[in-house]
file entry_29.txt (compact mmCIF, C-alpha atoms and all ligand atoms)
# COMPACT_ATOMS: atom_id res chain seq x y z
CA MET W 1490 6.65 -18.84 29.80
CA LEU W 1491 9.59 -20.82 28.60
CA ARG W 1492 9.69 -24.45 29.57
CA PHE W 1493 12.74 -25.93 31.18
CA PHE W 1494 14.28 -29.36 30.93
CA ARG W 1495 12.85 -29.85 27.50
CA LYS W 1496 15.02 -30.36 24.46
CA LYS W 1497 15.14 -27.34 22.25
CA PRO W 1498 17.68 -26.67 19.52
CA THR W 1499 19.97 -23.81 20.40
CA PRO W 1500 20.52 -21.27 17.63
CA PRO W 1501 24.07 -21.56 16.27
CA ASP W 1502 25.31 -18.25 17.61
CA ALA W 1503 23.02 -18.05 20.56
CA THR W 1504 25.16 -19.36 23.37
CA PRO W 1505 27.08 -16.65 25.17
CA ARG W 1506 30.72 -17.36 24.54
CA ALA W 1507 32.53 -18.67 27.52
CA ASP W 1508 35.81 -17.45 26.06
CA ALA W 1509 34.45 -13.94 26.20
CA VAL W 1510 34.40 -14.36 29.94
CA SER W 1511 37.79 -15.91 30.19
CA ASN W 1512 39.45 -13.31 28.00
CA PRO W 1513 38.57 -9.77 29.06
CA PRO W 1514 39.11 -7.36 26.16
CA GLU W 1515 42.26 -5.36 25.80
CA PRO W 1516 41.70 -2.03 27.47
CA ILE W 1517 41.87 1.01 25.20
CA ALA W 1518 41.79 4.44 26.72
CA GLU W 1519 40.05 4.03 30.00
CA VAL W 1520 40.78 0.95 31.93
CA THR W 1521 39.04 -0.19 35.03
CA PRO W 1522 40.90 -2.50 37.35
CA ALA W 1523 38.30 -5.23 37.11
CA ILE W 1524 38.98 -5.75 33.42
CA MET W 1525 42.65 -4.90 33.30
CA PRO W 1526 44.59 -8.05 32.55
CA GLY W 1527 47.30 -8.46 35.09
CA HIS W 1528 46.05 -5.67 37.32
CA ASP W 1529 45.35 -8.03 40.15
CA SER W 1530 46.54 -11.50 39.46
CA ALA W 1531 44.24 -12.99 42.08
CA ALA W 1532 41.20 -11.18 40.79
CA VAL W 1533 41.75 -11.82 37.10
CA ALA W 1534 42.82 -15.44 37.18
CA THR W 1535 42.04 -16.91 33.78
CA PRO W 1536 39.75 -19.90 33.89
CA GLU W 1537 40.93 -23.18 32.48
CA ALA W 1538 39.96 -23.36 28.82
CA SER W 1539 38.34 -26.72 29.39
CA HIS W 1540 36.27 -25.40 32.29
CA PRO W 1541 34.49 -22.32 31.09
CA GLU W 1542 32.37 -22.04 34.21
CA VAL W 1543 32.41 -18.67 35.74
CA ALA W 1544 33.62 -19.74 39.12
CA ALA W 1545 37.06 -18.77 37.84
CA THR W 1546 36.14 -15.48 36.20
CA PRO W 1547 37.42 -12.30 37.75
CA ALA W 1548 35.31 -10.83 40.49
CA ALA W 1549 35.30 -7.06 40.74
CA PRO W 1550 37.56 -5.96 43.60
CA ALA W 1551 35.49 -5.85 46.79
CA ASP W 1552 35.50 -2.06 47.32
CA LYS W 1553 34.59 -1.43 43.72
CA ALA W 1554 31.82 -4.03 43.68
CA SER W 1555 30.37 -2.62 46.87
CA SER W 1556 30.33 0.92 45.54
CA TRP W 1557 28.48 -0.20 42.42
CA ARG W 1558 26.18 -2.30 44.61
CA GLU W 1559 25.45 0.70 46.78
CA ARG W 1560 24.25 2.60 43.71
CA LEU W 1561 22.35 -0.29 42.17
CA ARG W 1562 20.71 -1.57 45.33
CA ASN W 1563 17.30 -0.20 44.36
CA SER W 1564 17.39 -1.98 41.04
CA GLY W 1565 14.39 -4.28 40.61
CA PHE W 1566 16.75 -6.77 39.05
CA ALA W 1567 19.04 -6.82 42.10
CA ARG W 1568 16.11 -7.12 44.47
CA GLY W 1569 14.58 -9.98 42.49
CA PHE W 1570 17.81 -11.98 42.58
CA SER W 1571 18.34 -11.28 46.21
CA SER W 1572 14.92 -12.60 47.12
CA LEU W 1573 15.25 -15.66 44.87
CA PHE W 1574 18.62 -16.65 46.19
CA SER W 1575 17.90 -15.94 49.85
CA ARG W 1576 15.29 -18.69 49.83
CA GLN W 1577 18.07 -21.26 49.38
CA ALA W 1578 15.99 -23.01 46.79
CA VAL W 1579 16.95 -26.39 45.48
CA LEU W 1580 17.75 -26.59 41.80
CA ASP W 1581 14.54 -27.70 40.16
CA GLU W 1582 12.22 -26.59 37.42
CA ASP W 1583 10.39 -24.15 39.69
CA PHE W 1584 13.65 -22.47 40.54
CA LEU W 1585 14.54 -22.05 36.88
CA GLU W 1586 11.09 -20.69 36.14
CA GLU W 1587 11.49 -18.14 38.91
CA LEU W 1588 14.86 -17.22 37.53
CA GLU W 1589 13.37 -16.74 34.11
CA THR W 1590 10.66 -14.50 35.55
CA CYS W 1591 13.33 -12.52 37.35
CA LEU W 1592 15.20 -11.92 34.10
CA LEU W 1593 12.07 -11.00 32.16
CA THR W 1594 10.71 -8.64 34.78
CA GLY W 1595 14.20 -7.18 35.15
CA ASP W 1596 14.01 -5.99 31.50
CA VAL W 1597 16.56 -8.43 30.14
CA GLY W 1598 14.17 -9.09 27.27
CA VAL W 1599 12.86 -12.30 25.76
CA THR W 1600 15.77 -13.00 23.41
CA ALA W 1601 18.56 -12.66 25.94
CA THR W 1602 16.51 -14.43 28.62
CA THR W 1603 15.81 -17.37 26.31
CA ILE W 1604 19.49 -17.71 25.49
CA ILE W 1605 20.55 -17.60 29.12
CA ILE W 1606 17.91 -20.02 30.37
CA GLU W 1607 18.42 -22.49 27.54
CA ASP W 1608 22.14 -22.49 28.11
CA LEU W 1609 21.72 -23.07 31.84
CA ARG W 1610 19.24 -25.85 31.16
CA GLN W 1611 21.73 -27.63 28.90
CA ARG W 1612 24.45 -27.29 31.48
CA ILE W 1613 22.18 -28.77 34.13
CA GLU W 1614 21.48 -31.69 31.82
CA ARG W 1615 25.22 -32.16 31.41
CA LYS W 1616 25.41 -32.18 35.23
CA GLU W 1617 27.89 -29.30 35.28
CA PHE W 1618 26.33 -28.24 38.58
CA SER W 1619 23.60 -29.57 40.78
CA ASP W 1620 22.61 -26.92 43.29
CA ALA W 1621 21.26 -23.40 43.28
CA ARG W 1622 24.62 -21.95 44.17
CA GLY W 1623 26.21 -23.63 41.16
CA LEU W 1624 23.44 -22.38 38.93
CA LEU W 1625 23.72 -18.80 40.07
CA ASP W 1626 27.46 -18.98 39.65
CA ALA W 1627 26.89 -20.11 36.07
CA LEU W 1628 24.33 -17.36 35.60
CA ARG W 1629 26.92 -14.82 36.63
CA GLY W 1630 29.16 -16.08 33.86
CA GLU W 1631 26.35 -15.96 31.31
CA LEU W 1632 25.54 -12.35 32.21
CA ILE W 1633 29.15 -11.26 32.09
CA ALA W 1634 29.67 -13.05 28.79
CA LEU W 1635 26.83 -11.02 27.29
CA LEU W 1636 28.39 -7.76 28.40
CA VAL W 1637 32.11 -8.24 27.89
CA PRO W 1638 31.88 -7.75 24.10
CA VAL W 1639 30.19 -4.35 24.60
CA SER W 1640 32.50 -3.00 27.27
CA GLU W 1641 34.79 -1.11 24.95
CA PRO W 1642 35.62 2.37 26.28
CA ILE W 1643 35.67 5.49 24.12
CA ASN W 1644 39.12 6.21 22.84
CA ILE W 1645 39.43 9.95 22.34
CA TYR W 1646 43.16 9.62 21.75
CA THR W 1647 42.91 8.93 18.05
CA GLY W 1648 44.80 11.95 16.80
CA ALA W 1649 41.58 13.72 15.78
CA ARG W 1650 41.65 17.29 17.03
CA PRO W 1651 39.17 18.03 18.28
CA PHE W 1652 37.68 14.63 18.90
CA VAL W 1653 33.96 15.30 18.39
CA ILE W 1654 31.22 13.60 20.41
CA LEU W 1655 27.65 14.15 19.28
CA THR W 1656 25.09 13.20 21.93
CA VAL W 1657 21.62 12.11 20.87
CA GLY W 1658 18.56 10.57 22.48
CA VAL W 1659 14.92 11.02 23.34
CA ASN W 1660 13.67 13.73 25.69
CA GLY W 1661 14.84 13.80 29.28
CA VAL W 1662 17.12 10.77 29.17
CA GLY W 1663 20.09 12.66 30.61
CA LYS W 1664 22.01 13.95 27.58
CA THR W 1665 22.91 17.36 28.95
CA THR W 1666 23.75 16.00 32.39
CA THR W 1667 25.95 13.34 30.81
CA ILE W 1668 27.76 16.04 28.81
CA GLY W 1669 28.45 17.93 32.04
CA LYS W 1670 29.85 14.79 33.64
CA LEU W 1671 31.92 13.95 30.56
CA ALA W 1672 33.38 17.45 30.49
CA ARG W 1673 34.48 17.04 34.10
CA ARG W 1674 35.94 13.64 33.41
CA TYR W 1675 38.10 14.78 30.52
CA LEU W 1676 39.10 18.01 32.23
CA ASP W 1677 40.40 15.79 35.01
CA GLU W 1678 42.49 14.06 32.34
CA ARG W 1679 43.86 17.50 31.48
CA LYS W 1680 42.08 17.70 28.14
CA GLN W 1681 40.87 20.99 26.71
CA VAL W 1682 37.13 20.64 26.39
CA MET W 1683 34.49 22.74 24.62
CA LEU W 1684 30.71 22.28 24.52
CA ALA W 1685 28.26 23.06 21.72
CA ALA W 1686 24.69 24.02 22.63
CA GLY W 1687 23.01 22.18 19.79
CA ASP W 1688 19.70 22.02 21.66
CA THR W 1689 18.16 25.26 20.40
CA PHE W 1690 14.65 23.87 20.71
CA ARG W 1691 13.96 24.16 24.42
CA ALA W 1692 14.31 27.63 25.91
CA ALA W 1693 16.16 26.53 29.05
CA ALA W 1694 18.47 24.07 27.30
CA VAL W 1695 21.25 26.52 26.46
CA GLU W 1696 21.19 27.86 30.01
CA GLN W 1697 21.40 24.35 31.41
CA LEU W 1698 24.49 23.60 29.33
CA ARG W 1699 26.00 26.98 30.22
CA THR W 1700 25.58 26.17 33.89
CA TRP W 1701 27.53 22.94 33.41
CA GLY W 1702 30.12 24.92 31.43
CA GLU W 1703 30.50 27.49 34.20
CA ARG W 1704 30.73 24.81 36.86
CA ASN W 1705 33.59 23.20 34.99
CA GLY W 1706 35.19 26.33 33.54
CA VAL W 1707 34.49 25.15 30.00
CA HIS W 1708 33.56 27.36 27.05
CA VAL W 1709 30.07 26.79 25.62
CA VAL W 1710 29.42 27.78 22.01
CA ALA W 1711 25.78 28.84 21.70
CA GLN W 1712 23.42 30.87 19.53
CA ALA W 1713 19.94 32.23 20.17
CA ASP W 1714 17.04 29.92 20.93
CA GLY W 1715 15.53 28.63 17.73
CA ALA W 1716 18.83 28.81 15.79
CA ASP W 1717 19.63 25.99 13.39
CA PRO W 1718 21.38 23.30 15.48
CA ALA W 1719 23.53 22.39 12.49
CA ALA W 1720 24.77 25.98 12.33
CA VAL W 1721 25.62 25.92 16.04
CA VAL W 1722 27.70 22.75 15.87
CA PHE W 1723 29.39 23.95 12.64
CA ASP W 1724 30.37 27.17 14.37
CA ALA W 1725 31.50 25.25 17.45
CA LEU W 1726 33.73 22.90 15.48
CA GLN W 1727 35.34 25.80 13.63
CA THR W 1728 35.99 27.57 16.95
CA ALA W 1729 37.31 24.42 18.60
CA LYS W 1730 39.67 23.76 15.69
CA ALA W 1731 40.96 27.34 15.72
CA ARG W 1732 41.62 27.11 19.47
CA GLY W 1733 43.32 23.70 19.38
CA ILE W 1734 40.67 22.11 21.61
CA ASP W 1735 41.06 18.38 22.32
CA LEU W 1736 37.42 17.44 22.78
CA LEU W 1737 34.20 19.01 21.53
CA ILE W 1738 30.93 17.63 22.91
CA ALA W 1739 27.73 18.67 21.18
CA ASP W 1740 24.33 18.62 22.83
CA THR W 1741 21.18 18.09 20.79
CA ALA W 1742 17.50 18.50 21.58
CA GLY W 1743 15.66 15.46 22.85
CA ARG W 1744 13.36 14.01 20.23
CA LEU W 1745 11.07 11.08 20.00
CA HIS W 1746 12.49 8.36 17.83
CA THR W 1747 9.17 8.36 15.99
CA GLN W 1748 9.42 12.04 14.93
CA GLN W 1749 10.86 11.57 11.46
CA GLY W 1750 11.48 15.26 10.69
CA LEU W 1751 13.45 15.77 13.88
CA MET W 1752 15.33 12.52 13.37
CA ASP W 1753 16.36 13.69 9.88
CA GLU W 1754 17.74 16.87 11.43
CA LEU W 1755 20.39 14.75 13.16
CA GLY W 1756 21.60 13.62 9.75
CA LYS W 1757 22.10 17.27 8.81
CA VAL W 1758 24.06 17.95 12.01
CA ARG W 1759 26.32 15.03 11.17
CA ARG W 1760 26.82 16.23 7.60
CA VAL W 1761 27.87 19.78 8.50
CA LEU W 1762 30.44 18.47 10.96
CA GLY W 1763 31.80 16.33 8.14
CA LYS W 1764 32.30 19.43 5.99
CA ILE W 1765 34.96 20.68 8.39
CA ASP W 1766 36.40 17.31 9.33
CA PRO W 1767 35.34 14.37 7.17
CA THR W 1768 35.98 12.00 10.10
CA ALA W 1769 33.67 13.93 12.48
CA PRO W 1770 31.67 13.18 14.52
CA HIS W 1771 34.06 10.60 15.91
CA GLU W 1772 31.50 9.30 18.36
CA VAL W 1773 27.72 9.47 18.21
CA LEU W 1774 26.73 8.76 21.77
CA GLN W 1775 23.14 7.77 22.36
CA VAL W 1776 21.92 8.31 25.89
CA ILE W 1777 19.31 5.85 27.15
CA ASP W 1778 17.26 6.21 30.31
CA GLY W 1779 17.77 2.95 32.20
CA THR W 1780 14.18 3.06 33.47
CA THR W 1781 12.79 2.94 29.92
CA GLY W 1782 12.51 -0.83 29.67
CA GLN W 1783 12.22 -2.60 26.35
CA ASN W 1784 11.31 0.60 24.51
CA ALA W 1785 15.03 1.35 24.62
CA ILE W 1786 15.46 -1.21 21.85
CA ASN W 1787 13.22 0.76 19.48
CA GLN W 1788 14.95 3.98 20.43
CA VAL W 1789 18.38 2.64 19.58
CA ARG W 1790 17.16 1.10 16.35
CA GLN W 1791 15.76 4.45 15.13
CA PHE W 1792 18.66 6.63 16.28
CA GLN W 1793 21.12 4.21 14.77
CA LYS W 1794 19.37 4.62 11.43
CA ALA W 1795 19.14 8.40 11.61
CA ALA W 1796 22.39 9.32 13.31
CA GLY W 1797 24.79 6.37 13.04
CA VAL W 1798 25.10 5.69 16.77
CA THR W 1799 28.54 4.37 17.76
CA GLY W 1800 28.18 4.08 21.53
CA LEU W 1801 25.64 4.07 24.34
CA VAL W 1802 25.33 5.62 27.78
CA VAL W 1803 22.70 4.14 30.09
CA THR W 1804 21.67 6.61 32.79
CA LYS W 1805 19.59 6.61 35.98
CA LEU W 1806 20.62 3.12 37.02
CA ASP W 1807 20.81 4.42 40.59
CA GLY W 1808 17.05 4.85 40.77
CA SER W 1809 14.33 2.33 40.22
CA ALA W 1810 15.79 1.18 36.91
CA LYS W 1811 15.81 -2.56 36.64
CA GLY W 1812 19.19 -2.53 34.95
CA GLY W 1813 18.40 -5.53 32.81
CA VAL W 1814 17.89 -3.43 29.70
CA ILE W 1815 21.68 -3.30 29.39
CA PHE W 1816 21.68 -7.03 28.64
CA ALA W 1817 18.91 -6.64 26.10
CA LEU W 1818 20.78 -3.80 24.36
CA ALA W 1819 24.03 -5.75 24.36
CA ARG W 1820 22.38 -8.78 22.82
CA GLU W 1821 20.37 -6.82 20.26
CA PHE W 1822 22.95 -4.36 18.94
CA GLY W 1823 26.42 -5.22 20.17
CA LEU W 1824 27.06 -1.45 20.38
CA PRO W 1825 29.67 -0.48 22.97
CA ILE W 1826 28.20 0.68 26.26
CA ARG W 1827 30.62 3.46 27.05
CA PHE W 1828 29.33 4.74 30.37
CA VAL W 1829 26.57 4.30 32.90
CA GLY W 1830 24.95 7.06 34.95
CA LEU W 1831 24.71 6.14 38.62
CA GLY W 1832 23.50 9.48 39.97
CA GLU W 1833 23.00 13.16 39.22
CA GLY W 1834 26.34 14.39 40.52
CA VAL W 1835 29.26 15.37 38.34
CA HIS W 1836 31.25 12.27 39.29
CA ASP W 1837 28.37 9.85 38.89
CA LEU W 1838 29.28 8.71 35.41
CA ARG W 1839 31.25 5.45 35.41
CA ALA W 1840 33.09 3.79 32.56
CA PHE W 1841 31.06 0.66 31.98
CA ASP W 1842 32.55 -2.33 33.77
CA PRO W 1843 30.67 -5.59 33.14
CA TYR W 1844 32.22 -7.37 36.12
CA ALA W 1845 31.40 -4.66 38.64
CA PHE W 1846 27.94 -4.23 37.12
CA VAL W 1847 26.96 -7.90 37.23
CA ASP W 1848 28.49 -8.45 40.66
CA ALA W 1849 26.51 -5.48 41.97
CA LEU W 1850 23.27 -6.98 40.69
CA LEU W 1851 23.84 -10.43 42.12
CA PRO W 1852 23.57 -11.34 45.79
CA ASP W 1853 26.62 -10.56 47.89
CA SER W 1854 27.23 -14.15 48.90
CA LEU W 1855 27.65 -15.12 45.29
CA VAL W 1856 30.45 -12.75 44.47
CA SER W 1857 32.39 -12.61 47.72
CA ARG W 1858 34.65 -15.50 46.94
N1 LIG N 1 19.24 9.70 39.23
C1 LIG N 1 19.81 10.08 38.10
N2 LIG N 1 19.31 11.14 37.44
C2 LIG N 1 19.90 11.50 36.29
C3 LIG N 1 21.00 10.79 35.74
N3 LIG N 1 21.33 11.39 34.57
C4 LIG N 1 20.49 12.43 34.42
N4 LIG N 1 19.62 12.51 35.43
C5 LIG N 1 18.51 13.47 35.65
O1 LIG N 1 17.58 13.37 34.59
C6 LIG N 1 16.96 14.61 34.35
C7 LIG N 1 17.03 14.95 32.86
O2 LIG N 1 18.39 15.16 32.54
P1 LIG N 1 18.85 16.05 31.30
O3 LIG N 1 20.32 15.96 31.25
O4 LIG N 1 18.25 17.40 31.33
O5 LIG N 1 18.21 15.22 30.11
P2 LIG N 1 18.23 15.56 28.55
O6 LIG N 1 18.29 14.29 27.84
O7 LIG N 1 19.27 16.57 28.26
O8 LIG N 1 16.78 16.23 28.39
P3 LIG N 1 16.22 17.06 27.12
O9 LIG N 1 17.27 18.02 26.77
O10 LIG N 1 14.98 17.69 27.64
O11 LIG N 1 15.93 16.07 26.06
C8 LIG N 1 17.68 15.61 35.23
O12 LIG N 1 16.91 15.84 36.38
C9 LIG N 1 18.98 14.92 35.59
O13 LIG N 1 19.51 15.34 36.83
C10 LIG N 1 21.48 9.63 36.46
O14 LIG N 1 22.41 8.93 36.07
N5 LIG N 1 20.85 9.34 37.64
MG MG N 2 19.19 18.38 27.33
call {"tool": "encode", "arguments": {"input": "entry_29.txt", "output": "structure tokens", "more": "lines below"}}
Ligand SMILES: Nc1nc2c(ncn2[C@@H]2O[C@H](COP(=O)(O)OP(=O)(O)OP(=O)(O)O)[C@@H](O)[C@H]2O)c(=O)[nH]1
Ligand SMILES: [Mg+2]
result
Amino acid sequence: MLRFFRKKPTPPDATPRADAVSNPPEPIAEVTPAIMPGHDSAAVATPEASHPEVAATPAAPADKASSWRERLRNSGFARGFSSLFSRQAVLDEDFLEELETCLLTGDVGVTATTIIIEDLRQRIERKEFSDARGLLDALRGELIALLVPVSEPINIYTGARPFVILTVGVNGVGKTTTIGKLARRYLDERKQVMLAAGDTFRAAAVEQLRTWGERNGVHVVAQADGADPAAVVFDALQTAKARGIDLLIADTAGRLHTQQGLMDELGKVRRVLGKIDPTAPHEVLQVIDGTTGQNAINQVRQFQKAAGVTGLVVTKLDGSAKGGVIFALAREFGLPIRFVGLGEGVHDLRAFDPYAFVDALLPDSLVSR
């Protein structure tokens, strides 16, 4: 356990930057109201530079926060906070220890937890706040500050045609489902979408992707089971180019990050895409199961090495996932979290919004200002 109220040097770059909270990033392609500067002047009031506390940071609009909260209500993280805060504890060492336990058991990870707790401890020593409410308010800011730098949406409007997304990840994390949801999303933006059935390993995989294709009226390029996945995506990119498709999304077979041979295969898939378009794939999207816990860190490390991951999707946050792994991933890699999966339905993929996410995890009373 970490000890509180003791002096400990803070690593130079360890403190979450308060300015990250006060300056939401410029939106790129997909903008959510909670992070759109100027969208709602009341909601996005910029905190005074000299007072970086989060009391002044934008709260997600109430309807949005409640819809995220509805989906995340089973999160162990949310439940832990709710129980801690409902006890109206006074701000003492025991309270901070409980908070630390909450973060650790919520999958936030030791590194991010240490940073958050140490920062809060220093702020208590500076008497920036003196009650539990003030502390939780500060915590909200710390959590948001960790996530704001990784809340950069995918920008498929780069001029690349087609823009190619390669999805990767371990078995069963939600790759194919995410592809189905993404197809729907971009069809709704009036983009021409095509899918590549690069999972030739599992017999039912092509069928599963075809079903999503049929549901959305999207063409799926596929070959027989057991075909070389690199050949499938090569063929798909050629077809997509010839047809002037805007967005090609390639599925791949789930693989354990420890299976070196299968991991190397992803490198080959990347290379053949590059033969047709040297800038492809434009996005390597790793899908992470939000219930995985700290193992997600190893997964990302290995897929990053093998496939050059450029963005993350964290799925299944609607279930029993603790949700905290998002903070651990943000701290460890700084890779953009493009989307989160909040259910199995076609519309249950949300562009990641750090304000709505954090506000949904924290007790109601804290965010309804
Ligand atoms: N509750 C919930 N379930 C999800 C979500 N995303 C995916 N799933 C479910 O997770 C299961 C696995 O999803 P798939 O899309 O087949 O996963 P995959 O990564 O393609 O699996 P492999 O191809 O076998 O590696 C399915 O039952 C999906 O419905 C989500 O955001 N929430
Ligand atoms: Mg699949």
call {"tool": "residues_around", "arguments": {"input": "entry_29.txt", "residues": "W:Phe1652", "least_positions_apart": "4", "cutoff": "9 Å", "atoms": "only C-alpha atoms", "output": "PDB file with C-alpha atoms, in the coordinates of the input"}}
result
ATOM      1  CA  ILE W1645      39.430   9.950  22.340  1.00  0.00           C
ATOM      2  CA  TYR W1646      43.160   9.620  21.750  1.00  0.00           C
ATOM      3  CA  THR W1647      42.910   8.930  18.050  1.00  0.00           C
ATOM      4  CA  GLY W1648      44.800  11.950  16.800  1.00  0.00           C
ATOM      5  CA  ILE W1734      40.670  22.110  21.610  1.00  0.00           C
ATOM      6  CA  ASP W1735      41.060  18.380  22.320  1.00  0.00           C
ATOM      7  CA  LEU W1736      37.420  17.440  22.780  1.00  0.00           C
ATOM      8  CA  LEU W1737      34.200  19.010  21.530  1.00  0.00           C
ATOM      9  CA  ILE W1738      30.930  17.630  22.910  1.00  0.00           C
ATOM     10  CA  ALA W1769      33.670  13.930  12.480  1.00  0.00           C
ATOM     11  CA  PRO W1770      31.670  13.180  14.520  1.00  0.00           C
ATOM     12  CA  HIS W1771      34.060  10.600  15.910  1.00  0.00           C
ATOM     13  CA  GLU W1772      31.500   9.300  18.360  1.00  0.00           C
TER      14      GLU W1772
END
call {"tool": "residues_around", "arguments": {"input": "entry_29.txt", "residues": "W:Ile1633", "least_positions_apart": "3", "cutoff": "7 Å", "atoms": "all atoms listed in the file", "output": "ChimeraX atom specification"}}
result
/W:1510,1629-1630,1636-1637,1843-1844,1847
call {"tool": "residues_near_ligand", "arguments": {"input": "entry_29.txt", "ligand": "ligand LIG 1 (chain N)", "cutoff": "8 Å", "atoms": "only C-alpha atoms and all ligand atoms", "output": "ChimeraX atom specification"}}
result
/W:1658-1668,1688,1691,1694,1697,1740-1744,1776,1778,1803-1808,1829-1834,1837-1838
call {"tool": "closest_residue", "arguments": {"input": "entry_29.txt", "among": "W:Lys1730, W:Arg1699, W:Lys1757, W:Lys1811", "to": "ligand MG 2 (chain N)", "atoms": "only C-alpha atoms and all ligand atoms"}}
result
W:Arg1699
call {"tool": "atom_distance", "arguments": {"input": "entry_29.txt", "atom1": "atom CA of W:Ile1604", "atom2": "atom CA of W:Ser1556"}}
result
29.4 Å
call {"tool": "closest_residue", "arguments": {"input": "entry_29.txt", "among": "W:Phe1846, W:Phe1690, W:Phe1816, W:Trp1557", "to": "ligand MG 2 (chain N)", "atoms": "all atoms listed in the file"}}
result
W:Phe1690
call {"tool": "closest_residue", "arguments": {"input": "entry_29.txt", "among": "W:Ala1567, W:Ile1605, W:Leu1632, W:Val1835", "to": "W:Asn1705", "atoms": "only C-alpha atoms"}}
result
W:Val1835
call {"tool": "residues_near_point", "arguments": {"input": "entry_29.txt", "point": "(39.2, 22.2, 19.7)", "cutoff": "9 Å", "atoms": "all atoms listed in the file", "output": "ChimeraX atom specification"}}
result
/W:1650-1653,1681-1683,1725-1737
call {"tool": "atom_distance", "arguments": {"input": "entry_29.txt", "atom1": "atom CA of W:Leu1676", "atom2": "atom CA of W:Val1709"}}
result
14.2 Å
call {"tool": "closest_atom_pairs", "arguments": {"input": "entry_29.txt", "of": "stretch 1757-1797 of chain W", "to": "stretch 1585-1595 of chain W", "cutoff": "12 Å", "atoms": "only C-alpha atoms", "output": "CSV"}}
result
residue,atom,partner,partner_atom,distance
W:Gly1779,CA,W:Gly1595,CA,11.1
W:Thr1780,CA,W:Gly1595,CA,10.4
W:Thr1781,CA,W:Gly1595,CA,11.5
W:Gly1782,CA,W:Gly1595,CA,8.6
W:Gln1783,CA,W:Gly1595,CA,10.1
call {"tool": "build_atoms", "arguments": {"input": "entry_29.txt", "residues": "stretch 1636-1651 of chain W", "atoms": "N, CA and C atoms", "output": "PDB file, in the coordinates of the input"}}
result
ATOM      1  N   LEU W1636      27.989  -9.171  28.321  1.00  0.00           N
ATOM      2  CA  LEU W1636      28.390  -7.760  28.400  1.00  0.00           C
ATOM      3  C   LEU W1636      29.848  -7.489  28.029  1.00  0.00           C
ATOM      4  N   VAL W1637      30.689  -8.477  28.182  1.00  0.00           N
ATOM      5  CA  VAL W1637      32.110  -8.240  27.890  1.00  0.00           C
ATOM      6  C   VAL W1637      32.323  -7.707  26.456  1.00  0.00           C
ATOM      7  N   PRO W1638      31.636  -8.265  25.459  1.00  0.00           N
ATOM      8  CA  PRO W1638      31.880  -7.750  24.100  1.00  0.00           C
ATOM      9  C   PRO W1638      31.460  -6.291  23.910  1.00  0.00           C
ATOM     10  N   VAL W1639      30.620  -5.748  24.791  1.00  0.00           N
ATOM     11  CA  VAL W1639      30.190  -4.350  24.600  1.00  0.00           C
ATOM     12  C   VAL W1639      30.837  -3.413  25.619  1.00  0.00           C
ATOM     13  N   SER W1640      31.903  -3.860  26.234  1.00  0.00           N
ATOM     14  CA  SER W1640      32.500  -3.000  27.270  1.00  0.00           C
ATOM     15  C   SER W1640      33.733  -2.254  26.763  1.00  0.00           C
ATOM     16  N   GLU W1641      33.644  -1.805  25.541  1.00  0.00           N
ATOM     17  CA  GLU W1641      34.790  -1.110  24.950  1.00  0.00           C
ATOM     18  C   GLU W1641      34.701   0.389  25.250  1.00  0.00           C
ATOM     19  N   PRO W1642      35.702   0.943  25.937  1.00  0.00           N
ATOM     20  CA  PRO W1642      35.620   2.370  26.280  1.00  0.00           C
ATOM     21  C   PRO W1642      35.808   3.272  25.061  1.00  0.00           C
ATOM     22  N   ILE W1643      35.387   4.518  25.189  1.00  0.00           N
ATOM     23  CA  ILE W1643      35.670   5.490  24.120  1.00  0.00           C
ATOM     24  C   ILE W1643      37.169   5.742  24.114  1.00  0.00           C
ATOM     25  N   ASN W1644      37.719   5.824  22.949  1.00  0.00           N
ATOM     26  CA  ASN W1644      39.120   6.210  22.840  1.00  0.00           C
ATOM     27  C   ASN W1644      39.183   7.567  22.160  1.00  0.00           C
ATOM     28  N   ILE W1645      39.389   8.611  22.953  1.00  0.00           N
ATOM     29  CA  ILE W1645      39.430   9.950  22.340  1.00  0.00           C
ATOM     30  C   ILE W1645      40.844  10.295  21.867  1.00  0.00           C
ATOM     31  N   TYR W1646      41.755   9.353  22.111  1.00  0.00           N
ATOM     32  CA  TYR W1646      43.160   9.620  21.750  1.00  0.00           C
ATOM     33  C   TYR W1646      43.472   9.038  20.375  1.00  0.00           C
ATOM     34  N   THR W1647      42.744   9.503  19.387  1.00  0.00           N
ATOM     35  CA  THR W1647      42.910   8.930  18.050  1.00  0.00           C
ATOM     36  C   THR W1647      43.740   9.822  17.152  1.00  0.00           C
ATOM     37  N   GLY W1648      44.082  10.990  17.634  1.00  0.00           N
ATOM     38  CA  GLY W1648      44.800  11.950  16.800  1.00  0.00           C
ATOM     39  C   GLY W1648      43.856  13.000  16.231  1.00  0.00           C
ATOM     40  N   ALA W1649      42.539  12.733  16.265  1.00  0.00           N
ATOM     41  CA  ALA W1649      41.580  13.720  15.780  1.00  0.00           C
ATOM     42  C   ALA W1649      41.592  14.922  16.730  1.00  0.00           C
ATOM     43  N   ARG W1650      41.602  16.121  16.172  1.00  0.00           N
ATOM     44  CA  ARG W1650      41.650  17.290  17.030  1.00  0.00           C
ATOM     45  C   ARG W1650      40.757  18.380  16.477  1.00  0.00           C
ATOM     46  N   PRO W1651      39.650  18.693  17.078  1.00  0.00           N
ATOM     47  CA  PRO W1651      39.170  18.030  18.280  1.00  0.00           C
ATOM     48  C   PRO W1651      38.507  16.694  17.961  1.00  0.00           C
TER      49      PRO W1651
END
